[in-house]
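S.K.: Below: one structure in structure tokens.
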Amino acid sequence: MDISKRTFDAVIVGAGGAGLRAAIQLSESGLKTAVLTKVFPTRSHTVAAQGGVAASLGNSEEDHWHWHMYDTVKGSDWLGDQDAIEFMCRKANEVVIELEHYGMPFDRTEAGRIYQRPFGGHMSNFGEKPVRRSCAAADRTGHAMLHALYQRNVRANTQFFVEWMALDLIRDADGDVLGVTALEMETGEIVAFQAKATIFATGGAGRIFHSSTNAFINTGDGLGMAARAGIPLEDMEFSQYHPTGVDAAGVLITEGVRGEGGIQRNSSGERFMERYAPNAKDLASRDVVSRAMVTEINEGRGCGPHKDYVQLDLSHLDPQVIMHRLPGIREISIQFAGADPIREPIPVVPTAHYQMGGIPTNHHGRVVMPRDGDANAPVTGFYAAGECACTSVHGANRLGTNSLLDLLVFGKSSGESASEDVRRMPKAHKPLPQEALERSVERVRRLDAQQGGADVHETRLALQRTMQNHCGVFRFADRLKEGVSRILEVQRDVQRTAIGDKSKVFNTARVEALELDNLIEVAVATLVSAEARKESRGAHVRDDAPDTPEHPNGRDDQNWLRHTLWFRDGNRLEYKPVQLTPLSVDTIELKKRAY
């Protein structure tokens with residue numbers, strides 16, 4: 001199988017919010033830029049983001065970036081790097097106004113300013129009370145954002161390769177990244193995309209779980225490629241469950257519903273969040289709300305014939321608020337739950353939603369890894385942004401609407417860094433190592449040659465059920481240990497998957513098998529990292545690490561205030577310190593996290 005070659009200044013893998021924002025930065029700076037994407041850009045998973053993008057604009061009430069920074073550090077359960085968090089929160093207003101100038105159709109206040117709504121964990125004056133910080137376009141903010149960013153890229157003449165799947169990262173003997181190999185779905189051809197800068201914006205890997213708000217394309221492709229190329233994955237044990245997925249369907253119901261005044265109730269009609277978070281109530285952070293919901297269900301106060309969900313009640317709101325601010329949510333509720341929220345509550349359960357971990361990067365978007373005594377040595381030519389990256393601004397738990405902000409800030413930052421670095425590099429491209437290209441060919445050849453191997457669908461299902469049952473909202477020591485054993489068994493099956501269709505043109509069976517290669521890397525990293533972290537922090541809550549005076553909320557700062565690094569080679573773990581020193585302000589000191 002011959003591999004043809006295409007050469008660019010920069011190649012971006014992924015065309016969601018982070019990839020499109022990075023592409024704007026590169027294309028408008030005059031660099032020849034390619035964007036590879038499995039789906040048309042405006043079908044990327046950013047389209048599913050509903051509630052808004054966080055920025056301390058203060059359009060409806062007083063706000064300040066330092067308050068936003070405090071909330072984000074607290075939300076991260078102090079595992080977030082405070083230099084990166086300050087960078088993100090200070091840049092927020094700039095990137096949101098920039099997006100507005102690109103044509104983003106934000107909702108407006110009566111004064112014509114960008115409309116902002118409250119969101120979970122976002123508070124005024126260092127945790128005093130909920131604040132309006134989420135800049136929203138009804139309940140379709142991600143959809144509006146993608147279209148605005150894509151149109152700007154069309155203007156900048158960014159070159160898109162649609163329905164291409166990146167296969168592997170190309171690294172040479174020096175460890176430099178020189179591009180990627182990719183499969184054109186239409187023809188089955190494998191092509192090497194050679195570039196001086198390679199940016200991963202491949203999104204999350206929510207499909208490692210059986211119940212997820214994520215699209216079927218969210219298979220952790222960037223994480224799998226990075227891991228196979230020797231790049232560690234950081235803090236993979238921290239997976240966020242969104243409190244409000246439609247029961248049995250998993251479809252997302254935005255936190256913006258609670259921001260507009262929605263209330264969660266148990267089978268007695270009680271607003272139960274008042275017991276778990278007396279100050280923030282339904283607008284506590286997502287991990288707190290998810291655990292409260294599961295506790296209500298586990299203690300017999302769930303709703304329905306099986307008492308296995310709680311109710312999200314909007315019926316007390318003005319119908320005009322629902323129809324104007326939450327039209328998509330009303331449609332989702334009617335279609336997937338058979339309930340019109342104007343008149344009846346929505347049945348909801350916590351559902352796998354977001355990964356806080358990913359490819360280690362600094363706040364300039366450059367990928368980093370331990371080398372020569374430096375825990376954060378940059379990998380030449382390699383950048384990452386968005387959910388596939390771990391900057392780490394979300395730490396152990398992400399606040400709602402900080403994800404779209406993450407896309408904008410670090411999509412732009414990675415694009416700026418790549419542009420600067422490319423201009424400093426020699427004019428000629430480094431030669432591509434032949435063995436790196438052959439590895440991709442061999443992966444595809446193995447699938448074509450495999451006879452009588454493991455079924456891709458059944459193997460993926462075994463992976464997802466293992467993750468769902470052993471690494472959920474609450475985690476148990478024995479279940480985690482058993483989960484590690486089971487996922488390693490699944491890993492052996494993934495290595496011998498077989499496909500019946502050997503054709504070249506639009507072979508979705510081959511694409512799904514290649515996606516499974518990435519899912520298993522993420523699943524192993526997640527379970528191994530979770531089993532090893534012997535504390536409760538943010539979204540990672542263990543039964544053997546309870547809340548005590550010595551360890552508030554089960555958190556053990558003395559032994560576990562550190563980032564996990566999982567290496568595929570040898571399935572081993574290393575750790576590195578959390579950056580507690582911000583760029584320009586005082587450190588936000590450790591304390592018990594409560595809402």
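As shown in the structure tokens, the chain order sets the letters A, B, ...; within each chain, residues go from 1, and ligands are also counted from 1 in the order they appear.
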Quick one: residues within 10 Å of Val484 in chain A, only C-alpha atoms counted, chain neighbours fewer than 4 positions away excluded, as a list in words?

M.R.: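 Contacts, in chain order: Thr466, Met467, His470, Cys471, Arg479, Leu480, Leu488, Glu489, Val490, Ala523, Val524, Ala525, Thr526, Leu527, Val528, Ser529, Ala530 and Glu531 of chain A.
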
S.K.: Write the residues of the preceding selection, restricted to N, CA, C and O atoms, as a PDB file, in the first residue's frame.

M.R.:
ATOM      1  N   THR A 466     -17.867  -2.188  30.825  1.00  0.00           N
ATOM      2  CA  THR A 466     -16.832  -2.240  31.869  1.00  0.00           C
ATOM      3  C   THR A 466     -16.626  -0.864  32.481  1.00  0.00           C
ATOM      4  O   THR A 466     -16.578  -0.709  33.711  1.00  0.00           O
ATOM      5  N   MET A 467     -16.537   0.162  31.645  1.00  0.00           N
ATOM      6  CA  MET A 467     -16.339   1.530  32.142  1.00  0.00           C
ATOM      7  C   MET A 467     -17.559   1.999  32.932  1.00  0.00           C
ATOM      8  O   MET A 467     -17.419   2.601  34.001  1.00  0.00           O
ATOM      9  N   HIS A 470     -17.736   0.004  36.366  1.00  0.00           N
ATOM     10  CA  HIS A 470     -16.588   0.006  37.278  1.00  0.00           C
ATOM     11  C   HIS A 470     -15.990   1.390  37.521  1.00  0.00           C
ATOM     12  O   HIS A 470     -15.126   1.534  38.387  1.00  0.00           O
ATOM     13  N   CYS A 471     -16.441   2.406  36.767  1.00  0.00           N
ATOM     14  CA  CYS A 471     -15.792   3.722  36.871  1.00  0.00           C
ATOM     15  C   CYS A 471     -16.835   4.829  36.746  1.00  0.00           C
ATOM     16  O   CYS A 471     -16.686   5.751  35.947  1.00  0.00           O
ATOM     17  N   ARG A 479     -14.268  -2.688  42.921  1.00  0.00           N
ATOM     18  CA  ARG A 479     -14.792  -2.586  41.556  1.00  0.00           C
ATOM     19  C   ARG A 479     -13.755  -1.989  40.614  1.00  0.00           C
ATOM     20  O   ARG A 479     -13.648  -2.400  39.450  1.00  0.00           O
ATOM     21  N   LEU A 480     -12.987  -1.009  41.095  1.00  0.00           N
ATOM     22  CA  LEU A 480     -11.931  -0.425  40.266  1.00  0.00           C
ATOM     23  C   LEU A 480     -10.876  -1.474  39.923  1.00  0.00           C
ATOM     24  O   LEU A 480     -10.434  -1.580  38.772  1.00  0.00           O
ATOM     25  N   LEU A 488      -8.231  -4.839  30.623  1.00  0.00           N
ATOM     26  CA  LEU A 488      -7.042  -5.424  29.997  1.00  0.00           C
ATOM     27  C   LEU A 488      -7.415  -6.660  29.174  1.00  0.00           C
ATOM     28  O   LEU A 488      -6.781  -6.936  28.144  1.00  0.00           O
ATOM     29  N   GLU A 489      -8.449  -7.381  29.597  1.00  0.00           N
ATOM     30  CA  GLU A 489      -8.961  -8.488  28.782  1.00  0.00           C
ATOM     31  C   GLU A 489      -9.567  -7.957  27.479  1.00  0.00           C
ATOM     32  O   GLU A 489      -9.347  -8.515  26.399  1.00  0.00           O
ATOM     33  N   VAL A 490     -10.341  -6.878  27.607  1.00  0.00           N
ATOM     34  CA  VAL A 490     -10.923  -6.257  26.412  1.00  0.00           C
ATOM     35  C   VAL A 490      -9.812  -5.777  25.484  1.00  0.00           C
ATOM     36  O   VAL A 490      -9.914  -5.911  24.252  1.00  0.00           O
ATOM     37  N   ALA A 523      -9.762   4.093  27.628  1.00  0.00           N
ATOM     38  CA  ALA A 523     -10.388   3.309  28.690  1.00  0.00           C
ATOM     39  C   ALA A 523      -9.352   2.745  29.653  1.00  0.00           C
ATOM     40  O   ALA A 523      -9.525   2.813  30.881  1.00  0.00           O
ATOM     41  N   VAL A 524      -8.254   2.183  29.124  1.00  0.00           N
ATOM     42  CA  VAL A 524      -7.203   1.639  29.985  1.00  0.00           C
ATOM     43  C   VAL A 524      -6.584   2.759  30.819  1.00  0.00           C
ATOM     44  O   VAL A 524      -6.407   2.624  32.039  1.00  0.00           O
ATOM     45  N   ALA A 525      -6.278   3.887  30.183  1.00  0.00           N
ATOM     46  CA  ALA A 525      -5.683   5.024  30.905  1.00  0.00           C
ATOM     47  C   ALA A 525      -6.598   5.484  32.033  1.00  0.00           C
ATOM     48  O   ALA A 525      -6.137   5.776  33.149  1.00  0.00           O
ATOM     49  N   THR A 526      -7.904   5.542  31.776  1.00  0.00           N
ATOM     50  CA  THR A 526      -8.866   6.027  32.755  1.00  0.00           C
ATOM     51  C   THR A 526      -8.965   5.088  33.955  1.00  0.00           C
ATOM     52  O   THR A 526      -8.872   5.526  35.115  1.00  0.00           O
ATOM     53  N   LEU A 527      -9.135   3.805  33.701  1.00  0.00           N
ATOM     54  CA  LEU A 527      -9.309   2.856  34.805  1.00  0.00           C
ATOM     55  C   LEU A 527      -8.029   2.668  35.610  1.00  0.00           C
ATOM     56  O   LEU A 527      -8.062   2.629  36.849  1.00  0.00           O
ATOM     57  N   VAL A 528      -6.898   2.572  34.936  1.00  0.00           N
ATOM     58  CA  VAL A 528      -5.624   2.396  35.653  1.00  0.00           C
ATOM     59  C   VAL A 528      -5.338   3.621  36.524  1.00  0.00           C
ATOM     60  O   VAL A 528      -4.945   3.498  37.697  1.00  0.00           O
ATOM     61  N   SER A 529      -5.570   4.815  35.988  1.00  0.00           N
ATOM     62  CA  SER A 529      -5.328   6.050  36.744  1.00  0.00           C
ATOM     63  C   SER A 529      -6.294   6.171  37.918  1.00  0.00           C
ATOM     64  O   SER A 529      -5.912   6.604  39.014  1.00  0.00           O
ATOM     65  N   ALA A 530      -7.560   5.783  37.711  1.00  0.00           N
ATOM     66  CA  ALA A 530      -8.568   5.875  38.770  1.00  0.00           C
ATOM     67  C   ALA A 530      -8.288   4.892  39.897  1.00  0.00           C
ATOM     68  O   ALA A 530      -8.426   5.229  41.081  1.00  0.00           O
ATOM     69  N   GLU A 531      -7.899   3.672  39.559  1.00  0.00           N
ATOM     70  CA  GLU A 531      -7.613   2.666  40.584  1.00  0.00           C
ATOM     71  C   GLU A 531      -6.437   3.102  41.443  1.00  0.00           C
ATOM     72  O   GLU A 531      -6.401   2.854  42.657  1.00  0.00           O
TER      73      GLU A 531
END

S.K.: Residues of range 174-259 of chain A that approach range 313-327 of chain A to 12 Å or less, counting only C-alpha atoms: could you list each one with the shortest pair of atoms and its distance in Å to one decimal, rows by chain and increasing residue number, as a Markdown table?

M.R.:
| residue | atom | partner | partner_atom | distance |
| --- | --- | --- | --- | --- |
| A:Thr244 | CA | A:Asp313 | CA | 11.6 |
| A:Ile253 | CA | A:Leu326 | CA | 9.9 |
| A:Thr254 | CA | A:Leu326 | CA | 9.0 |
| A:Glu255 | CA | A:Leu326 | CA | 10.8 |
| A:Gly256 | CA | A:Leu326 | CA | 8.1 |
| A:Val257 | CA | A:Leu326 | CA | 7.2 |
| A:Arg258 | CA | A:Leu314 | CA | 8.6 |
| A:Gly259 | CA | A:Arg325 | CA | 10.6 |

S.K.: Mind checking DSSP for range 382-436 of chain A and telling me the strand (DSSP E) residues as a list in words?

M.R.: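 DSSP on the backbone gives strand (DSSP E) at Phe382, Tyr383, Ala384, Ala389 and Cys390 of chain A.
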
S.K.: Selection from above, C-alpha atoms, as an mmCIF file, in the first residue's frame, can you write it?

M.R.:
data_model
loop_
_atom_site.group_PDB
_atom_site.id
_atom_site.type_symbol
_atom_site.label_atom_id
_atom_site.label_comp_id
_atom_site.auth_asym_id
_atom_site.auth_seq_id
_atom_site.Cartn_x
_atom_site.Cartn_y
_atom_site.Cartn_z
ATOM 1 C CA PHE A 382 2.970 19.380 18.633
ATOM 2 C CA TYR A 383 0.030 21.352 20.078
ATOM 3 C CA ALA A 384 -3.398 20.477 21.506
ATOM 4 C CA ALA A 389 -5.999 18.585 25.870
ATOM 5 C CA CYS A 390 -5.251 18.825 29.596
#

S.K.: Quick one, how far is CA of Gly453 in chain A from CA of Arg486 in chain A?

M.R.: 18.5 Å

S.K.: List the spatial neighbours of Val177 in chain A as an mmCIF file with all heavy atoms, in the first residue's frame - criterion: any atom at most 9 Å away, only C-alpha atoms, same-chain residues fewer than 6 positions off excluded.

M.R.:
data_model
loop_
_atom_site.group_PDB
_atom_site.id
_atom_site.type_symbol
_atom_site.label_atom_id
_atom_site.label_comp_id
_atom_site.auth_asym_id
_atom_site.auth_seq_id
_atom_site.Cartn_x
_atom_site.Cartn_y
_atom_site.Cartn_z
ATOM 1 N N LEU A 169 0.143 9.672 14.746
ATOM 2 C CA LEU A 169 1.060 10.802 14.822
ATOM 3 C C LEU A 169 2.402 10.385 14.242
ATOM 4 O O LEU A 169 2.861 9.264 14.454
ATOM 5 C CB LEU A 169 1.219 11.187 16.291
ATOM 6 C CG LEU A 169 1.728 12.577 16.674
ATOM 7 C CD1 LEU A 169 0.801 13.659 16.138
ATOM 8 C CD2 LEU A 169 1.818 12.671 18.193
ATOM 9 N N ILE A 170 3.030 11.262 13.498
ATOM 10 C CA ILE A 170 4.364 10.973 12.942
ATOM 11 C C ILE A 170 5.412 11.678 13.796
ATOM 12 O O ILE A 170 5.450 12.911 13.868
ATOM 13 C CB ILE A 170 4.482 11.453 11.478
ATOM 14 C CG1 ILE A 170 3.411 10.786 10.608
ATOM 15 C CG2 ILE A 170 5.878 11.149 10.935
ATOM 16 C CD1 ILE A 170 3.328 11.358 9.195
ATOM 17 N N ARG A 171 6.250 10.889 14.494
ATOM 18 C CA ARG A 171 7.372 11.433 15.276
ATOM 19 C C ARG A 171 8.669 10.846 14.746
ATOM 20 O O ARG A 171 8.727 9.676 14.358
ATOM 21 C CB ARG A 171 7.245 11.078 16.763
ATOM 22 C CG ARG A 171 6.117 11.750 17.484
ATOM 23 C CD ARG A 171 6.139 11.403 18.973
ATOM 24 N NE ARG A 171 7.091 12.200 19.716
ATOM 25 C CZ ARG A 171 7.452 11.963 20.980
ATOM 26 N NH1 ARG A 171 6.949 10.906 21.616
ATOM 27 N NH2 ARG A 171 8.314 12.736 21.605
ATOM 28 N N ALA A 195 3.757 18.386 8.173
ATOM 29 C CA ALA A 195 3.573 19.761 8.638
ATOM 30 C C ALA A 195 4.624 20.111 9.680
ATOM 31 O O ALA A 195 5.116 19.240 10.400
ATOM 32 C CB ALA A 195 2.180 19.946 9.220
ATOM 33 N N LYS A 196 4.945 21.387 9.762
ATOM 34 C CA LYS A 196 5.870 21.857 10.799
ATOM 35 C C LYS A 196 5.163 21.984 12.147
ATOM 36 O O LYS A 196 5.807 21.940 13.191
ATOM 37 C CB LYS A 196 6.471 23.196 10.381
ATOM 38 C CG LYS A 196 7.348 23.112 9.131
ATOM 39 C CD LYS A 196 7.850 24.479 8.713
ATOM 40 C CE LYS A 196 8.683 24.370 7.443
ATOM 41 N NZ LYS A 196 9.134 25.704 6.960
ATOM 42 N N ALA A 197 3.854 22.176 12.087
ATOM 43 C CA ALA A 197 3.058 22.262 13.321
ATOM 44 C C ALA A 197 1.842 21.358 13.181
ATOM 45 O O ALA A 197 1.143 21.401 12.167
ATOM 46 C CB ALA A 197 2.614 23.696 13.577
ATOM 47 N N THR A 198 1.602 20.530 14.195
ATOM 48 C CA THR A 198 0.442 19.642 14.215
ATOM 49 C C THR A 198 -0.376 19.953 15.462
ATOM 50 O O THR A 198 0.141 19.889 16.579
ATOM 51 C CB THR A 198 0.881 18.161 14.244
ATOM 52 O OG1 THR A 198 1.682 17.896 13.094
ATOM 53 C CG2 THR A 198 -0.328 17.242 14.260
ATOM 54 N N VAL A 379 7.055 19.343 23.376
ATOM 55 C CA VAL A 379 7.298 18.412 22.270
ATOM 56 C C VAL A 379 7.291 19.238 20.990
ATOM 57 O O VAL A 379 6.256 19.808 20.618
ATOM 58 C CB VAL A 379 6.212 17.324 22.217
ATOM 59 C CG1 VAL A 379 6.452 16.381 21.039
ATOM 60 C CG2 VAL A 379 6.163 16.544 23.529
ATOM 61 N N THR A 380 8.417 19.343 20.323
ATOM 62 C CA THR A 380 8.547 20.214 19.151
ATOM 63 C C THR A 380 7.534 19.855 18.071
ATOM 64 O O THR A 380 7.402 18.692 17.677
ATOM 65 C CB THR A 380 9.972 20.121 18.571
ATOM 66 O OG1 THR A 380 10.907 20.478 19.585
ATOM 67 C CG2 THR A 380 10.137 21.049 17.370
ATOM 68 N N GLY A 381 6.792 20.866 17.617
ATOM 69 C CA GLY A 381 5.862 20.689 16.505
ATOM 70 C C GLY A 381 4.495 20.164 16.892
ATOM 71 O O GLY A 381 3.661 19.920 16.019
ATOM 72 N N PHE A 382 4.227 20.005 18.206
ATOM 73 C CA PHE A 382 2.970 19.380 18.633
ATOM 74 C C PHE A 382 2.204 20.290 19.585
ATOM 75 O O PHE A 382 2.775 20.801 20.554
ATOM 76 C CB PHE A 382 3.263 18.041 19.299
ATOM 77 C CG PHE A 382 2.061 17.139 19.483
ATOM 78 C CD1 PHE A 382 0.941 17.249 18.687
ATOM 79 C CD2 PHE A 382 2.069 16.146 20.469
ATOM 80 C CE1 PHE A 382 -0.159 16.408 18.848
ATOM 81 C CE2 PHE A 382 0.987 15.294 20.645
ATOM 82 C CZ PHE A 382 -0.127 15.433 19.832
#

S.K.: For Glu62 in chain A, which residue among A:Asp406, A:Ser4, A:Thr564, A:Arg132 is the nearest when counting only C-alpha atoms?

M.R.: A:Arg132

S.K.: What are the DSSP alpha helix (DSSP H) residues of range 331-446 of chain A, as a PyMOL selection string?

M.R.: chain A and resi 331-332+402-424+434-446

S.K.: Ranking A:Ala182, A:Val368, A:Ala227, A:Ile199 by minimum distance to Ala23 in chain A and counting only C-alpha atoms, which one comes first?

M.R.: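 Answer, going by the shortest atom-to-atom distance: A:Ile199.
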
S.K.: If we count only C-alpha atoms, what is near Arg301 in chain A at a cut-off of 10 Å, once residues fewer than 6 positions away on the same chain are taken out, given as a PyMOL selection string?

M.R.: chain A and resi 265-270+272+293-295+307-310

S.K.: Could you please take those selected residues and save C-alpha atoms as a PDB file, in the first residue's frame?

M.R.:
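Everything below was put into again_4.pdb:
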ATOM      1  CA  ARG A 265     -37.179  17.337  42.701  1.00  0.00           C
ATOM      2  CA  ASN A 266     -37.337  13.834  44.143  1.00  0.00           C
ATOM      3  CA  SER A 267     -40.363  11.512  44.395  1.00  0.00           C
ATOM      4  CA  SER A 268     -41.775  13.593  47.272  1.00  0.00           C
ATOM      5  CA  GLY A 269     -41.580  16.771  45.216  1.00  0.00           C
ATOM      6  CA  GLU A 270     -38.789  18.029  47.502  1.00  0.00           C
ATOM      7  CA  PHE A 272     -33.468  18.129  47.442  1.00  0.00           C
ATOM      8  CA  MET A 293     -28.993  12.825  42.448  1.00  0.00           C
ATOM      9  CA  VAL A 294     -27.445   9.345  42.665  1.00  0.00           C
ATOM     10  CA  THR A 295     -27.740   9.463  46.469  1.00  0.00           C
ATOM     11  CA  LYS A 307     -37.432   4.912  41.186  1.00  0.00           C
ATOM     12  CA  ASP A 308     -34.367   5.332  38.961  1.00  0.00           C
ATOM     13  CA  TYR A 309     -34.449   9.038  37.998  1.00  0.00           C
ATOM     14  CA  VAL A 310     -35.253  12.470  39.438  1.00  0.00           C
TER      15      VAL A 310
END

S.K.: Would you compute the distance between CA of Asp172 in chain A and CA of Asn518 in chain A? Give it in Å to one decimal.

M.R.: 21.3 Å

S.K.: I'd like a table as CSV: residues in range 350-455 of chain A with an atom no more than 7 Å from range 91-105 of chain A, each row giving the shortest atom pair and its distance in Å to one decimal, only C-alpha atoms counted, sorted by chain and rising residue number.

M.R.:
residue,atom,partner,partner_atom,distance
A:Leu405,CA,A:Ala92,CA,6.6
A:Leu408,CA,A:Val95,CA,6.3
A:Val409,CA,A:Val95,CA,6.5

S.K.: Write a file of the selected residues as an mmCIF file, in the first residue's frame, keeping N, CA and C atoms.

M.R.:
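Saved file result-v4.cif follows:
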data_model
loop_
_atom_site.group_PDB
_atom_site.id
_atom_site.type_symbol
_atom_site.label_atom_id
_atom_site.label_comp_id
_atom_site.auth_asym_id
_atom_site.auth_seq_id
_atom_site.Cartn_x
_atom_site.Cartn_y
_atom_site.Cartn_z
ATOM 1 N N LEU A 405 -15.362 28.196 26.582
ATOM 2 C CA LEU A 405 -14.305 29.182 26.810
ATOM 3 C C LEU A 405 -12.928 28.559 26.558
ATOM 4 N N LEU A 408 -12.150 28.404 22.852
ATOM 5 C CA LEU A 408 -11.795 29.690 22.253
ATOM 6 C C LEU A 408 -10.404 30.157 22.682
ATOM 7 N N VAL A 409 -10.158 30.121 24.002
ATOM 8 C CA VAL A 409 -8.890 30.650 24.522
ATOM 9 C C VAL A 409 -7.706 29.822 24.043
#

S.K.: Closest to Gln355 in chain A among A:Ile12, A:Ala396, A:Ala111, A:Leu26, using only C-alpha atoms?

M.R.: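 Among A:Ile12, A:Ala396, A:Ala111, A:Leu26, it is A:Ala396 that comes nearest to Gln355 in chain A.
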
S.K.: Range 71-83 of chain A: which residues within 6 Å, counting only C-alpha atoms, same-chain residues fewer than 5 positions away excluded, as a ChimeraX atom specification?

M.R.: /A:122,392-397,538,578-583

S.K.: Those selected residues, please, written with all heavy atoms and delivered as a compact mmCIF listing (two decimals), in the first residue's frame.

M.R.:
# COMPACT_ATOMS: atom_id res chain seq x y z
N HIS A 122 -20.57 29.11 39.25
CA HIS A 122 -20.12 30.47 38.93
C HIS A 122 -20.76 31.44 39.92
O HIS A 122 -22.00 31.60 39.94
CB HIS A 122 -20.50 30.84 37.49
CG HIS A 122 -19.73 30.08 36.46
ND1 HIS A 122 -18.45 30.43 36.08
CD2 HIS A 122 -20.05 28.98 35.74
CE1 HIS A 122 -18.02 29.57 35.16
NE2 HIS A 122 -18.97 28.68 34.94
N SER A 392 -3.79 22.40 32.72
CA SER A 392 -5.06 21.85 33.15
C SER A 392 -5.88 22.97 33.80
O SER A 392 -5.52 23.44 34.86
CB SER A 392 -4.76 20.75 34.19
OG SER A 392 -5.76 20.55 35.12
N VAL A 393 -6.94 23.38 33.10
CA VAL A 393 -7.79 24.43 33.68
C VAL A 393 -9.02 23.86 34.39
O VAL A 393 -9.69 24.58 35.12
CB VAL A 393 -8.25 25.45 32.60
CG1 VAL A 393 -7.11 26.34 32.18
CG2 VAL A 393 -8.85 24.74 31.40
N HIS A 394 -9.31 22.59 34.17
CA HIS A 394 -10.51 22.00 34.78
C HIS A 394 -10.18 21.12 35.97
O HIS A 394 -11.06 20.82 36.78
CB HIS A 394 -11.29 21.21 33.74
CG HIS A 394 -11.61 22.00 32.50
ND1 HIS A 394 -12.23 23.23 32.54
CD2 HIS A 394 -11.36 21.75 31.19
CE1 HIS A 394 -12.36 23.69 31.30
NE2 HIS A 394 -11.85 22.81 30.47
N GLY A 395 -8.94 20.67 36.09
CA GLY A 395 -8.52 19.89 37.23
C GLY A 395 -9.35 18.64 37.42
O GLY A 395 -9.48 17.81 36.52
N ALA A 396 -9.96 18.51 38.61
CA ALA A 396 -10.74 17.31 38.93
C ALA A 396 -12.22 17.46 38.58
O ALA A 396 -12.97 16.49 38.67
CB ALA A 396 -10.60 17.00 40.42
N ASN A 397 -12.65 18.66 38.16
CA ASN A 397 -14.06 18.87 37.82
C ASN A 397 -14.20 20.19 37.06
O ASN A 397 -13.69 21.22 37.49
CB ASN A 397 -14.92 18.93 39.09
CG ASN A 397 -16.34 19.34 38.79
OD1 ASN A 397 -17.10 18.58 38.19
ND2 ASN A 397 -16.71 20.55 39.18
N GLY A 538 -13.00 16.06 43.44
CA GLY A 538 -13.83 16.45 42.31
C GLY A 538 -14.72 15.32 41.86
O GLY A 538 -15.50 14.76 42.63
N VAL A 578 1.09 19.99 40.89
CA VAL A 578 0.11 20.97 40.42
C VAL A 578 0.74 22.35 40.51
O VAL A 578 1.44 22.67 41.48
CB VAL A 578 -1.18 20.91 41.26
CG1 VAL A 578 -2.17 21.98 40.85
CG2 VAL A 578 -1.81 19.53 41.16
N GLN A 579 0.49 23.20 39.50
CA GLN A 579 1.02 24.57 39.52
C GLN A 579 0.07 25.44 40.35
O GLN A 579 -1.03 25.80 39.92
CB GLN A 579 1.11 25.10 38.08
CG GLN A 579 1.54 26.55 37.96
CD GLN A 579 2.85 26.87 38.64
OE1 GLN A 579 2.88 27.30 39.80
NE2 GLN A 579 3.95 26.64 37.94
N LEU A 580 0.49 25.76 41.57
CA LEU A 580 -0.34 26.54 42.49
C LEU A 580 -0.06 28.04 42.42
O LEU A 580 -0.72 28.82 43.10
CB LEU A 580 -0.14 26.04 43.92
CG LEU A 580 -0.57 24.59 44.19
CD1 LEU A 580 -0.21 24.18 45.61
CD2 LEU A 580 -2.07 24.41 43.95
N THR A 581 0.92 28.44 41.62
CA THR A 581 1.29 29.86 41.52
C THR A 581 0.69 30.47 40.26
O THR A 581 1.06 30.07 39.15
CB THR A 581 2.82 30.02 41.49
OG1 THR A 581 3.38 29.37 42.64
CG2 THR A 581 3.20 31.49 41.49
N PRO A 582 -0.24 31.42 40.38
CA PRO A 582 -0.80 32.08 39.19
C PRO A 582 0.23 32.97 38.50
O PRO A 582 1.38 33.07 38.93
CB PRO A 582 -1.95 32.90 39.77
CG PRO A 582 -2.20 32.37 41.15
CD PRO A 582 -0.86 31.87 41.62
N LEU A 583 -0.19 33.62 37.44
CA LEU A 583 0.71 34.48 36.66
C LEU A 583 0.95 35.82 37.33
O LEU A 583 2.07 36.34 37.31
CB LEU A 583 0.14 34.70 35.25
CG LEU A 583 -0.03 33.46 34.38
CD1 LEU A 583 -0.80 33.81 33.11
CD2 LEU A 583 1.33 32.86 34.02

S.K.: Identify which of the residues A:Met236, A:Ala248, A:Ile24, A:Ala375 lies closest to His210 in chain A, counting only C-alpha atoms when measuring atom-to-atom distances.

M.R.: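 Closest to His210 in chain A of all the choices is A:Ala248.
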
S.K.: Can you tell me, as JSON, numbers by chain, what residues are no more than 10 Å from Gln25 in chain A when counting only C-alpha atoms, ignoring any on the same chain fewer than 3 positions away?

M.R.: {"A": [20, 21, 22, 28, 29, 30, 31, 33, 153, 156, 411, 412, 413, 414, 415, 416, 417, 418, 419]}

S.K.: Just checking: using only C-alpha atoms, which residue out of A:Ile499, A:Val367, A:Leu447, A:Val541 ends up closest to Phe476 in chain A?

M.R.: A:Val541
